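Undergrad: My file is protein17.txt. It has compact mmCIF, C-alpha atoms:
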```
# COMPACT_ATOMS: atom_id res chain seq x y z
CA MET I 7 28.20 -25.41 -19.54
CA ILE I 8 25.52 -23.91 -17.36
CA PRO I 9 23.03 -21.85 -19.39
CA LEU I 10 22.67 -18.17 -18.58
CA SER I 11 19.07 -18.61 -17.45
CA HIS I 12 20.17 -20.75 -14.51
CA TYR I 13 22.28 -17.90 -13.16
CA LEU I 14 19.42 -15.47 -13.72
CA LEU I 15 16.92 -17.72 -11.98
CA LEU I 16 19.32 -18.22 -9.08
CA SER I 17 19.74 -14.48 -8.66
CA ALA I 18 15.95 -14.02 -8.87
CA VAL I 19 15.54 -16.54 -6.05
CA ILE I 20 18.17 -14.80 -3.89
CA PHE I 21 16.56 -11.44 -4.59
CA SER I 22 13.14 -12.78 -3.58
CA VAL I 23 14.54 -14.22 -0.36
CA GLY I 24 15.96 -10.77 0.37
CA VAL I 25 12.63 -9.11 -0.38
CA VAL I 26 10.65 -11.45 1.86
CA GLY I 27 13.21 -10.89 4.60
CA VAL I 28 12.93 -7.11 4.33
CA MET I 29 9.14 -7.30 4.45
CA THR I 30 8.75 -9.76 7.31
CA ARG I 31 11.65 -9.14 9.66
CA ARG I 32 11.48 -6.31 12.17
CA ASN I 33 15.07 -6.26 13.38
CA ALA I 34 16.87 -3.41 11.61
CA ILE I 35 20.12 -5.35 11.29
CA VAL I 36 18.40 -8.36 9.73
CA VAL I 37 16.67 -6.01 7.29
CA PHE I 38 20.13 -4.71 6.56
CA MET I 39 21.49 -8.17 5.83
CA CYS I 40 18.55 -8.86 3.51
CA ILE I 41 19.37 -5.68 1.59
CA GLU I 42 22.91 -7.03 1.21
CA LEU I 43 21.38 -10.25 -0.15
CA MET I 44 19.49 -8.27 -2.77
CA LEU I 45 22.62 -6.33 -3.74
CA ASN I 46 24.50 -9.61 -4.09
CA SER I 47 21.83 -11.08 -6.34
CA VAL I 48 21.94 -8.02 -8.60
CA ASN I 49 25.73 -8.30 -8.71
CA LEU I 50 25.39 -11.94 -9.70
CA THR I 51 23.08 -10.98 -12.55
CA LEU I 52 25.53 -8.36 -13.78
CA VAL I 53 28.48 -10.75 -13.63
CA ALA I 54 26.51 -13.46 -15.41
CA PHE I 55 25.52 -11.12 -18.25
CA SER I 56 29.04 -9.73 -18.43
CA SER I 57 30.61 -13.16 -18.60
CA TYR I 58 28.22 -14.53 -21.20
CA LEU I 59 28.46 -11.38 -23.31
CA GLY I 60 32.25 -11.33 -23.19
CA ASP I 61 32.27 -7.69 -22.07
CA ALA I 62 33.99 -6.70 -18.85
CA THR I 63 31.92 -3.52 -18.41
CA GLY I 64 29.37 -5.40 -16.32
CA GLN I 65 32.13 -6.33 -13.90
CA MET I 66 33.05 -2.67 -13.58
CA LEU I 67 29.44 -2.00 -12.60
CA VAL I 68 29.66 -4.73 -9.95
CA PHE I 69 32.81 -3.10 -8.63
CA PHE I 70 31.00 0.21 -8.19
CA VAL I 71 27.96 -1.51 -6.67
CA MET I 72 30.32 -3.00 -4.08
CA VAL I 73 31.68 0.49 -3.34
CA VAL I 74 28.18 1.82 -2.76
CA ALA I 75 27.27 -1.26 -0.70
CA ALA I 76 30.27 -0.70 1.54
CA ALA I 77 29.36 2.96 2.02
CA GLU I 78 25.74 1.99 2.67
CA ALA I 79 26.79 -0.60 5.24
CA ALA I 80 28.99 1.87 7.10
CA VAL I 81 26.41 4.67 7.20
CA GLY I 82 23.47 2.33 7.83
CA LEU I 83 25.09 0.58 10.77
CA ALA I 84 26.14 3.92 12.19
CA ILE I 85 22.50 4.99 12.02
CA VAL I 86 21.38 1.73 13.65
CA ILE I 87 23.88 2.15 16.48
CA SER I 88 22.88 5.77 16.95
CA LEU I 89 19.20 4.76 17.02
CA PHE I 90 19.92 2.05 19.54
CA ARG I 91 21.69 4.54 21.78
CA ASN I 92 18.72 6.89 21.70
CA LYS I 93 15.75 4.48 21.63
CA GLN I 94 17.26 1.34 23.21
CA THR I 95 15.78 -0.77 20.42
CA VAL I 96 16.51 -1.90 16.88
CA ASN I 97 12.94 -2.99 16.22
CA ILE I 98 11.84 -0.93 13.24
CA ASP I 99 8.21 -0.91 14.43
CA ASP I 100 9.30 1.08 17.47
CA ILE I 101 11.32 3.57 15.44
CA ASN I 102 8.49 5.83 14.34
CA ILE I 103 9.51 9.25 15.65
CA LEU I 104 9.22 10.71 12.15
CA LYS I 105 5.69 9.37 11.82
CA TRP I 106 3.03 11.96 12.52
CA MET U 13 29.56 -22.52 -25.58
CA GLU U 14 30.81 -25.96 -26.53
CA THR U 15 34.18 -24.54 -27.52
CA LEU U 16 34.90 -23.76 -23.89
CA SER U 17 33.96 -27.18 -22.59
CA THR U 18 37.55 -28.23 -22.09
CA LEU U 19 38.26 -25.19 -19.93
CA THR U 20 35.09 -25.07 -17.87
CA THR U 21 34.65 -26.40 -14.40
CA PRO U 22 32.22 -29.26 -13.78
CA ASP U 23 28.57 -28.31 -13.84
CA TRP U 24 27.75 -29.75 -10.45
CA LEU U 25 29.91 -27.04 -8.86
CA PHE U 26 27.32 -24.49 -9.97
CA TYR U 27 24.53 -26.44 -8.29
CA LEU U 28 26.63 -26.90 -5.16
CA PHE U 29 27.27 -23.16 -4.88
CA ALA U 30 23.66 -22.41 -5.78
CA VAL U 31 22.36 -24.67 -3.01
CA ILE U 32 24.81 -23.19 -0.48
CA THR U 33 23.88 -19.65 -1.47
CA VAL U 34 20.11 -20.10 -1.49
CA ALA U 35 20.03 -22.17 1.71
CA SER U 36 22.15 -19.73 3.67
CA ALA U 37 20.22 -16.77 2.22
CA ALA U 38 16.97 -18.35 3.39
CA PHE U 39 18.56 -18.94 6.79
CA VAL U 40 19.52 -15.25 6.96
CA ALA U 41 15.99 -14.20 6.12
CA PHE U 42 14.14 -16.59 8.42
CA THR U 43 16.21 -17.41 11.48
CA LYS U 44 15.26 -15.81 14.76
CA ASN U 45 18.82 -15.41 16.00
CA VAL U 46 20.58 -12.35 14.60
CA VAL U 47 24.06 -13.74 15.25
CA TYR U 48 23.24 -16.94 13.37
CA ALA U 49 21.89 -14.81 10.52
CA ALA U 50 25.16 -12.87 10.36
CA PHE U 51 27.17 -16.08 10.17
CA ALA U 52 24.83 -17.54 7.55
CA LEU U 53 25.47 -14.40 5.52
CA LEU U 54 29.13 -15.46 5.48
CA PHE U 55 28.21 -18.61 3.56
CA THR U 56 26.04 -16.61 1.16
CA PHE U 57 28.95 -14.30 0.38
CA PHE U 58 31.30 -17.24 -0.12
CA GLY U 59 28.75 -18.97 -2.34
CA VAL U 60 28.36 -15.88 -4.50
CA ALA U 61 32.15 -15.58 -4.68
CA GLY U 62 32.30 -19.18 -5.89
CA LEU U 63 29.71 -18.40 -8.55
CA TYR U 64 31.87 -15.46 -9.66
CA VAL U 65 34.78 -17.87 -10.07
CA LEU U 66 32.57 -20.17 -12.15
CA LEU U 67 31.73 -17.14 -14.30
CA ASN U 68 35.46 -16.55 -14.90
CA SER U 69 35.55 -13.27 -13.02
CA ASP U 70 38.36 -13.99 -10.60
CA PHE U 71 39.00 -10.36 -9.68
CA LEU U 72 35.42 -9.87 -8.52
CA ALA U 73 35.49 -13.10 -6.54
CA VAL U 74 38.51 -11.92 -4.57
CA THR U 75 36.99 -8.46 -4.19
CA GLN U 76 33.76 -10.04 -2.97
CA ILE U 77 35.59 -11.92 -0.23
CA LEU U 78 37.72 -8.91 0.73
CA VAL U 79 34.93 -6.33 0.75
CA TYR U 80 31.91 -8.33 1.86
CA VAL U 81 33.43 -10.92 4.18
CA GLY U 82 36.34 -8.80 5.37
CA GLY U 83 34.50 -5.50 5.60
CA ILE U 84 30.73 -5.51 5.50
CA LEU U 85 30.24 -8.72 7.46
CA VAL U 86 32.58 -7.53 10.21
CA LEU U 87 30.66 -4.24 10.32
CA ILE U 88 27.37 -6.15 10.59
CA LEU U 89 28.77 -8.31 13.38
CA PHE U 90 29.87 -5.17 15.20
CA GLY U 91 26.36 -3.83 14.75
CA VAL U 92 24.86 -7.04 16.12
CA MET U 93 27.15 -7.05 19.13
CA LEU U 94 26.66 -3.36 19.90
CA THR U 95 22.87 -3.47 19.66
CA ASN U 96 22.33 -6.85 21.33
CA ARG U 97 20.65 -6.85 24.71
CA SER U 98 20.15 -10.03 26.60
CA ILE U 99 16.44 -9.30 26.92
CA SER U 100 15.79 -8.37 23.29
CA VAL U 101 14.56 -11.59 21.76
CA ASP U 102 13.55 -11.06 18.19
CA ILE U 103 10.46 -13.20 18.10
CA GLN U 104 7.59 -10.79 17.81
CA SER U 105 5.82 -9.92 14.56
CA GLU U 106 7.57 -12.70 12.76
CA THR U 107 4.35 -14.01 11.29
CA LEU U 108 2.42 -10.76 11.42
CA LYS U 109 2.74 -9.83 7.75
CA PHE U 110 4.05 -13.11 6.49
CA ALA U 111 1.18 -14.06 4.16
CA PRO U 112 0.98 -10.73 2.28
CA ALA U 113 4.77 -10.60 2.04
CA LEU U 114 4.81 -14.12 0.64
CA ILE U 115 2.17 -13.25 -1.96
CA VAL U 116 4.05 -10.13 -3.06
CA THR U 117 7.33 -12.01 -3.21
CA ALA U 118 5.80 -14.90 -5.15
CA ALA U 119 4.44 -12.41 -7.68
CA LEU U 120 7.84 -10.74 -7.92
CA LEU U 121 9.66 -14.05 -8.29
CA GLY U 122 7.20 -15.22 -10.92
CA THR U 123 7.60 -12.03 -12.90
CA LEU U 124 11.39 -12.10 -12.71
CA ALA U 125 11.65 -15.80 -13.54
CA GLY U 126 9.14 -15.40 -16.34
CA PHE U 127 10.92 -12.65 -18.16
CA TYR U 128 14.35 -14.11 -17.44
CA THR U 129 13.38 -17.34 -19.16
CA VAL U 130 11.12 -15.95 -21.89
CA THR U 131 13.42 -13.16 -23.06
CA ASP U 132 15.74 -14.02 -25.92
CA TRP U 133 18.93 -12.54 -24.49
CA PHE U 134 21.54 -11.14 -26.81
CA PHE U 135 24.88 -12.90 -26.76
CA GLY U 136 28.05 -11.55 -28.25
CA GLY U 137 28.11 -14.36 -30.78
CA PRO U 138 29.46 -17.88 -30.37
CA GLY U 139 32.54 -18.11 -28.20
CA ALA U 140 32.23 -14.54 -26.98
CA GLU U 141 32.15 -15.57 -23.34
CA ILE U 142 34.98 -14.42 -21.16
CA THR U 143 37.38 -17.32 -21.16
CA ALA U 144 39.39 -18.72 -18.33
CA THR U 145 42.05 -16.03 -18.56
CA SER U 146 42.16 -13.46 -15.79
CA THR U 147 39.89 -10.43 -16.08
CA ALA U 148 41.94 -8.36 -13.63
CA PRO U 149 44.16 -6.66 -16.29
CA ASN U 150 41.11 -5.56 -18.30
CA ILE U 151 39.39 -4.18 -15.22
CA GLY U 152 42.56 -2.47 -14.06
CA ASN U 153 43.07 -0.83 -17.44
CA ALA U 154 39.44 0.29 -17.61
CA LEU U 155 39.60 1.75 -14.11
CA VAL U 156 42.34 4.21 -15.05
CA THR U 157 41.24 4.96 -18.62
CA THR U 158 37.58 4.84 -19.61
CA HIS U 159 36.18 4.58 -16.06
CA ALA U 160 38.63 6.92 -14.36
CA LEU U 161 35.98 9.47 -13.36
CA PRO U 162 33.61 6.95 -11.70
CA PHE U 163 36.64 5.47 -9.96
CA GLU U 164 37.60 8.82 -8.46
CA VAL U 165 33.99 9.61 -7.55
CA ALA U 166 33.76 6.23 -5.82
CA SER U 167 36.81 7.04 -3.74
CA VAL U 168 35.24 10.34 -2.67
CA VAL U 169 31.96 8.56 -1.88
CA LEU U 170 33.80 6.08 0.33
CA LEU U 171 35.70 8.83 2.13
CA VAL U 172 32.57 10.88 2.78
CA ALA U 173 30.64 7.78 3.88
CA LEU U 174 33.34 6.76 6.35
CA VAL U 175 33.62 10.27 7.81
CA GLY U 176 29.83 10.50 8.01
CA ALA U 177 29.51 7.07 9.62
CA ALA U 178 32.09 7.95 12.24
CA MET U 179 30.31 11.22 12.95
CA ILE U 180 26.85 9.65 13.22
CA ALA U 181 27.99 6.83 15.48
CA ARG U 182 30.07 9.06 17.78
CA ARG U 183 28.77 9.31 21.28
CA ASP U 184 29.04 13.03 22.04
CA LYS U 185 28.96 15.66 19.40
```
For the structure just supplied, provide its representation as structure tokens.

TA:
Amino acid sequence: MIPLSHYLLLSAVIFSVGVVGVMTRRNAIVVFMCIELMLNSVNLTLVAFSSYLGDATGQMLVFFVMVVAAAEAAVGLAIVISLFRNKQTVNIDDINILKW
Amino acid sequence: METLSTLTTPDWLFYLFAVITVASAAFVAFTKNVVYAAFALLFTFFGVAGLYVLLNSDFLAVTQILVYVGGILVLILFGVMLTNRSISVDIQSETLKFAPALIVTAALLGTLAGFYTVTDWFFGGPGAEITATSTAPNIGNALVTTHALPFEVASVVLLVALVGAAMIARRDK
């Protein structure tokens, strides 16, 4: 059987890939996908702990994280589309109208 | 853990799913083409769903495919298609902050990996792992008993988010 630490290390790697994507990419939608990667890695950690602990509460948490991720995806993409309509770009370096 | 060895799936499946997940995640984070990134995300979601199956959480694996692949990925693809111009090539600033980002991420990964491996995690005793029976009845029972309030709040959150998303993305107000 796979030890728990392998799952944890895997989720740490996925999380780090998401972090480096958020920090280096400038396309808002790619940043968005990298946030989804990070959410998935956290979900994987929760499921791994839940499974190895024999307690289904962690899986309930994952369920609610998925709910929030779906809401975040809907609102975030609506914002991206609205931004694109107004600024004709999804490059987050060009979206600085709130910057003084 | 040895008591479950007759029920568990082969170990190489974990490494297969891990390689699929990490490779496609890296492709999402580093490819220049946004459409390719969206399709690579599909493989990441499927890989994570496979890992959920290996962790004996069948309900979450199915939910992962339904919600992420069926919902979020389609939304992202819509976003890609609606914001894609033929002239917008996402090449610039790819390497602009790459070195500092890599240093920060390496520090983060080292910290996470360090305390994941060093920490002596608590287990619920030998044989406490969720066995190969379905977890869906437990989750279903918990959703309407102990977790009924978060469940209802989640439904309201989803409703408000969908109404808000439709309002934000609408053309004329």

Undergrad: Each residue of chain U lying at most 7 Å from chain I should get a row with its shortest atom-to-atom pair and the distance in Å to one decimal, counting all atoms listed in the file; could you produce that, ordered by chain and increasing number, as CSV?

TA:
```
residue,atom,partner,partner_atom,distance
U:Met13,CA,I:Met7,CA,6.8
U:Ser17,CA,I:Met7,CA,6.8
U:Asp23,CA,I:Met7,CA,6.4
U:Ala30,CA,I:Leu16,CA,6.9
U:Val34,CA,I:Ile20,CA,6.1
U:Ala37,CA,I:Ile20,CA,6.7
U:Ala38,CA,I:Val23,CA,6.1
U:Ala41,CA,I:Gly27,CA,4.6
U:Phe42,CA,I:Gly27,CA,6.9
U:Val46,CA,I:Val36,CA,6.7
U:Leu67,CA,I:Ser57,CA,6.0
U:Asn68,CA,I:Ser57,CA,7.0
U:Ile84,CA,I:Ala76,CA,6.2
U:Gly91,CA,I:Leu83,CA,6.1
U:Val92,CA,I:Ile35,CA,7.0
U:Thr95,CA,I:Phe90,CA,6.3
U:Asp102,CA,I:Asn33,CA,7.0
U:Glu106,CA,I:Arg31,CA,6.2
U:Lys109,CA,I:Thr30,CA,6.0
U:Phe110,CA,I:Thr30,CA,5.8
U:Ala113,CA,I:Val26,CA,5.9
U:Leu114,CA,I:Val26,CA,6.5
U:Thr117,CA,I:Ser22,CA,5.9
U:Leu121,CA,I:Ser22,CA,6.0
U:Leu124,CA,I:Ala18,CA,6.3
U:Ala125,CA,I:Leu15,CA,5.8
U:Tyr128,CA,I:Leu14,CA,6.4
U:Thr129,CA,I:Ser11,CA,6.1
U:Phe135,CA,I:Leu59,CA,5.2
U:Gly136,CA,I:Leu59,CA,5.0
U:Ala140,CA,I:Gly60,CA,5.0
U:Glu141,CA,I:Gly60,CA,4.2
U:Ile142,CA,I:Gly60,CA,4.6
U:Ile151,CA,I:Met66,CA,6.7
U:Ala166,CA,I:Val73,CA,6.6
U:Leu170,CA,I:Ala77,CA,5.7
U:Ala173,CA,I:Ala77,CA,5.3
U:Leu174,CA,I:Ala80,CA,6.6
U:Gly176,CA,I:Val81,CA,6.8
U:Ala177,CA,I:Val81,CA,4.6
U:Ile180,CA,I:Ala84,CA,5.9
U:Ala181,CA,I:Ala84,CA,4.8
```

Undergrad: One number please: CA of Asn96 (chain U) to CA of Gly59 (chain U), in Å, one decimal.

TA: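 Distance reported for this atom pair: 27.4 Å.
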
Undergrad: Can you tell me which residues surround Ala148 (chain U) at a distance of at most 9 Å, considering only C-alpha atoms, apart from same-chain residues fewer than 5 positions away, and format the answer as a PyMOL selection string?

TA: chain U and resi 69-72+153

Undergrad: In Å, with one decimal, what is the gap from CA of Glu164 (chain U) to CA of Val48 (chain I)?

TA: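 So the answer is 23.0 Å.
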
Undergrad: List the neighbours of Phe57 (chain U) out to 8 Å using all atoms listed in the file; skip same-chain residues closer than 5 positions along the sequence, and give me the result as a ChimeraX atom specification.

TA: /I:46 /U:33,76-77,80-81

Undergrad: Deliver the residues from the most recent selection as a file, using C-alpha atoms, as a compact mmCIF listing (two decimals), keeping the file's coordinate frame.

TA:
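Result went into again.txt, see below:
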```txt
# COMPACT_ATOMS: atom_id res chain seq x y z
CA ASN I 46 24.50 -9.61 -4.09
CA THR U 33 23.88 -19.65 -1.47
CA GLN U 76 33.76 -10.04 -2.97
CA ILE U 77 35.59 -11.92 -0.23
CA TYR U 80 31.91 -8.33 1.86
CA VAL U 81 33.43 -10.92 4.18
```

Undergrad: Could you check how far CA of Gly62 (chain U) sits from CA of Val74 (chain U), in Å to one decimal?

TA: 9.6 Å

Undergrad: For Ala52 (chain U), list every protein, DNA or RNA residue within 9 Å, evaluated using only C-alpha atoms, and leave out those in the same chain fewer than 3 positions away; present the list as a list in words.

TA: Ala35, Ser36, Ala37, Ala38, Phe39, Val40, Val47, Tyr48, Ala49, Phe55, Thr56 and Phe57 of chain U

Undergrad: Write only C-alpha atoms for region 12-77 of chain I from the block just shown, as a tab-separated table (two decimals), in the first residue's frame.

TA:
```tsv
chain	number	residue	atom	x	y	z
I	12	HIS	CA	3.54	9.88	-1.11
I	13	TYR	CA	0.09	11.40	-1.50
I	14	LEU	CA	1.14	14.43	0.52
I	15	LEU	CA	4.29	14.93	-1.53
I	16	LEU	CA	2.32	14.57	-4.75
I	17	SER	CA	-0.16	17.20	-3.64
I	18	ALA	CA	2.73	19.48	-2.58
I	19	VAL	CA	4.20	19.14	-6.07
I	20	ILE	CA	0.86	19.93	-7.75
I	21	PHE	CA	0.38	22.90	-5.43
I	22	SER	CA	3.85	24.22	-6.28
I	23	VAL	CA	3.19	23.86	-10.00
I	24	GLY	CA	0.02	25.90	-9.48
I	25	VAL	CA	1.91	28.55	-7.51
I	26	VAL	CA	4.64	28.92	-10.13
I	27	GLY	CA	1.96	29.16	-12.80
I	28	VAL	CA	0.10	31.91	-10.94
I	29	MET	CA	3.32	33.86	-10.45
I	30	THR	CA	4.74	33.57	-13.95
I	31	ARG	CA	1.78	33.50	-16.30
I	32	ARG	CA	0.11	36.74	-17.34
I	33	ASN	CA	-3.00	35.38	-19.03
I	34	ALA	CA	-5.91	35.68	-16.59
I	35	ILE	CA	-7.47	32.40	-17.69
I	36	VAL	CA	-4.22	30.47	-17.24
I	37	VAL	CA	-3.87	32.01	-13.78
I	38	PHE	CA	-7.38	30.76	-13.21
I	39	MET	CA	-6.51	27.22	-14.24
I	40	CYS	CA	-3.48	27.27	-11.94
I	41	ILE	CA	-5.74	28.26	-9.04
I	42	GLU	CA	-7.87	25.23	-9.89
I	43	LEU	CA	-4.69	23.13	-9.76
I	44	MET	CA	-3.98	24.41	-6.26
I	45	LEU	CA	-7.55	23.69	-5.14
I	46	ASN	CA	-7.23	20.17	-6.53
I	47	SER	CA	-4.00	19.55	-4.67
I	48	VAL	CA	-5.58	20.69	-1.40
I	49	ASN	CA	-8.54	18.41	-2.08
I	50	LEU	CA	-6.13	15.54	-2.66
I	51	THR	CA	-4.49	16.21	0.70
I	52	LEU	CA	-7.86	16.23	2.44
I	53	VAL	CA	-8.97	13.00	0.79
I	54	ALA	CA	-5.66	11.31	1.60
I	55	PHE	CA	-5.88	12.27	5.28
I	56	SER	CA	-9.54	11.30	5.39
I	57	SER	CA	-8.90	7.92	3.83
I	58	TYR	CA	-5.92	7.07	6.01
I	59	LEU	CA	-7.67	8.26	9.16
I	60	GLY	CA	-10.84	6.32	8.40
I	61	ASP	CA	-12.99	9.41	8.91
I	62	ALA	CA	-15.27	10.63	6.14
I	63	THR	CA	-15.38	14.22	7.45
I	64	GLY	CA	-12.43	15.16	5.25
I	65	GLN	CA	-14.41	14.08	2.22
I	66	MET	CA	-17.25	16.37	3.29
I	67	LEU	CA	-14.73	19.22	3.35
I	68	VAL	CA	-13.65	18.32	-0.19
I	69	PHE	CA	-17.29	18.38	-1.25
I	70	PHE	CA	-17.68	21.92	0.05
I	71	VAL	CA	-14.36	22.99	-1.48
I	72	MET	CA	-15.72	21.79	-4.82
I	73	VAL	CA	-18.86	23.90	-4.28
I	74	VAL	CA	-16.76	26.99	-3.61
I	75	ALA	CA	-14.49	26.18	-6.57
I	76	ALA	CA	-17.50	25.97	-8.87
I	77	ALA	CA	-18.84	29.30	-7.60
```
